[in-house]
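Q: This structure is in structure tokens; I'll ask about it shortly.
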Amino acid sequence: MGRLFGTDGVRGLANADVTADLALRLGRAGAAVLGASAPSTAPDGSASRPVAVVGRDPRASGEMLEAAIVAGLSSAGMDVLTVGVVPTPALAYLTDAYDAALGVMISASHNAMPDNGIKFFAAGGVKLADEQEDRIEALLDAAPAGPTGADIGRVRTAPDGLSRYEEHLAKTVPTTLDGITVVVDCAHGAASSAAPDAYRAAGATVVAINAEPTGLNINDGCGSTHLDVLQRAVLDHGADLGLAHDGDADRCLAVDATGDVVDGDAIMAILALSMKDAGTLPENTLVATVMSNLGLHIAMREAGITVRTTAVGDRYVLEELRAGDYGLGGEQSGHIVIPAFGSTGDGVLTGLQVMSRMASTGRSLRELASVMRTLPQTLINVRVEDKQAATAAAEVTEAVDAAVRELGDEGRVLLRPSGTEQLVRVMVEAADTATAERLAGHIAEQVAAVGR
């Protein structure tokens with residue numbers, strides 16, 4: 001079997017891949033790894049058990065998995081605070097705010113309703129290192145025996161969890177958003193109350209759509225993976241912008257007043273310039289992944305901002321942010337991290353910061369996003385038998401080198417084996433679509449020929 005933890009926790013079909021039994025065992029193992037180093041005495045000197053905070057998105061299977069995770073954690077001797085349906089960044093924030101030893105978020109993010117997942121956060125609300133995940137996985141069938149009697153963990157509900165997170169968000173907005181009308185697509189997910197509440201509290205006029213979760217409709221034809229819904233709504237309401245979140249609200253993509261999409265790269269460009277102007281962008285550095293468009297690199301270079309590049313995955317962005325003590329990072333998909341305000345990607349926070357920049361400059365989202373010209377990008381997924389052999393083949397290397405020489409400084413080539421499927425991803429950016437398609441097609445043909 002492969003590694004249980006993927007790039008963002010454990011994820012799969014609920015009650016088939018991600019079962020109640022697995023959740024219970026993950027809870028016990030997570031407590032053994034992350035709760036063992038927690039303080040055993042309270043500030044007043046009395047005996048105290050380590051605390052875990054548990055939240056979920058509204059999908060139906062979350063109720064079952066929450067019960068199992070809570071049982072696993074409490075049976076291992078941890079007290080558990082349940083915070084109900086909250087965004088993933090809220091769970092991360094509350095793990096820190098409640099001084100908990102760990103947090104657990106039950107969500108499959110942008111995946112369809114039948115899927116679910118389990119994400120762990122360590123003390124402080126930070127995502128786990130590979131080594132910590134490996135230790136949890138190793139203990140799934142070998143966790144220490146649980147306590148008995150008075151030492152068993154207790155379970156309580158924290159009714160103020162979401163309101164504490166919303167109060168935190170309000171402190172991040174330096175100016176009122178009066179006069180801005182925003183349509184927010186909540187994906188029938190965890191943002192359904194948090195996002196409209198936060199945007200209204202900051203002064204914006206809010207039109208909320210897809211904000212009626214039933215447990216069965218999360219991400220169903222809406223949210224950050226179906227922007228056409230938001231595009232139509234922005235035009236219908238004559239709004240200044242639209243914001244789209246995914247099921248657990250750690251992503252934010254935008255739509256300007258004309259209906260054009262403003263992706264994560266453009267949002268990073270807007271926020272990087274805003275922070276540079278305010279003197280809050282450490283080392284004048286932005287962290288992005290290899291999938292970010294070359295147009296972002298060009299725009300940042302012209303603005304005097306350095307871009308540091310990581311592998312795909314917000315965990316790698318987070319690692320680089322922490323390693324360099326940088327102030328802004330993210331992905332093209334809309335995971336944006338601002339360490340001064342949060343320890344993980346936060347879609348609602350991102351929306352607030354974008355609108356704050358609009359309010360402080362008096363410029364439309366379209367004007368702000370125009371700082372970056374997105375180069376045409378072609379992505380071809382090639383199914384192969386051996387990913388490593390296909391990418392290393394001489395014919396493929398020659399095709400890539402020839403494309404790089406032709407593109408010069410006006411494009412780039414990225415050849416990347418998929419981390420989860422038997423695919424090699426061929427991505428080419430160029431000054432025009434025809435060139436990108438031609439070069440990507442030729443490289444893909446070479447990959448397919450050697451990868452059979």
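Ordering of the structure tokens sets the chain letters (A, B, ...), residue numbers begin anew at 1 in every chain, and ligands are numbered from 1 in the order given.
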Which residues are close to range 346-354 of chain A, i.e. within 10 Å by only C-alpha atoms, leaving aside same-chain residues fewer than 2 positions away? Reply as a PyMOL selection string.

A: chain A and resi 87-90+92+166+168-170+172-175+177+182+184+191+194-196+198-199+202+204+242-246+248-254+264+267-268+270-271+274+334-338+341-344+356-359+365+368

Q: Write out as a PyMOL selection string the set of residues from range 200-351 of chain A that DSSP, computed on the backbone, places in helix (DSSP H, G or I).

A: chain A and resi 200-201+223-225+227-237+264-278+282-284+294-302+314-324+347-351

Q: So the first atom is CA of Ala434 in chain A and the second is CA of Leu379 in chain A; what is the distance between them in Å, to one decimal place?

A: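 CA of Leu379 in chain A lies at a distance of 12.9 Å from CA of Ala434 in chain A.
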
Q: Can you list, as a list of chain:residue names, every protein, DNA or RNA residue that comes within 9 Å of Gly27 in chain A when you count only C-alpha atoms, leaving out same-chain residues fewer than 5 positions away?

A: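 So the residues in contact are A:Leu22, A:Ala32, A:Ala68, A:Ile69, A:Val70, A:Ala71, A:Gly72, A:Leu73, A:Ser74, A:Ser75, A:Ala76, A:Val104, A:Leu140.
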
Q: Which residues in range 65-173 of chain A does DSSP call strand (DSSP E or B)? List them as a list of chain:residue names.

A: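 Taking range 65-173 of chain A and keeping strand (DSSP E or B) only, one gets A:Asp79, A:Val80, A:Leu81, A:Thr82, A:Val83, A:Gly84, A:Val85, A:Leu102, A:Gly103, A:Val104, A:Met105, A:Ile106, A:Asp115, A:Asn116, A:Gly117, A:Ile118, A:Lys119, A:Phe120, A:Phe121, A:Ala122, A:Val126, A:Lys127, A:Val155, A:Arg156, A:Thr157.
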
Q: In terms of the shortest atom-to-atom distance over only C-alpha atoms, which of A:Ser370, A:Ser109, A:Asn15, A:Thr95 is closest to Asp57 in chain A?

A: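 For Asp57 in chain A, the nearest of the given residues is A:Ser109.
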
Q: Given the choices A:Gly161, A:Gly124, A:Gly259, A:Gly179, which gets closest to Pro339 in chain A if the distance is worked out from only C-alpha atoms?

A: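 Answer, going by the shortest atom-to-atom distance: A:Gly124.
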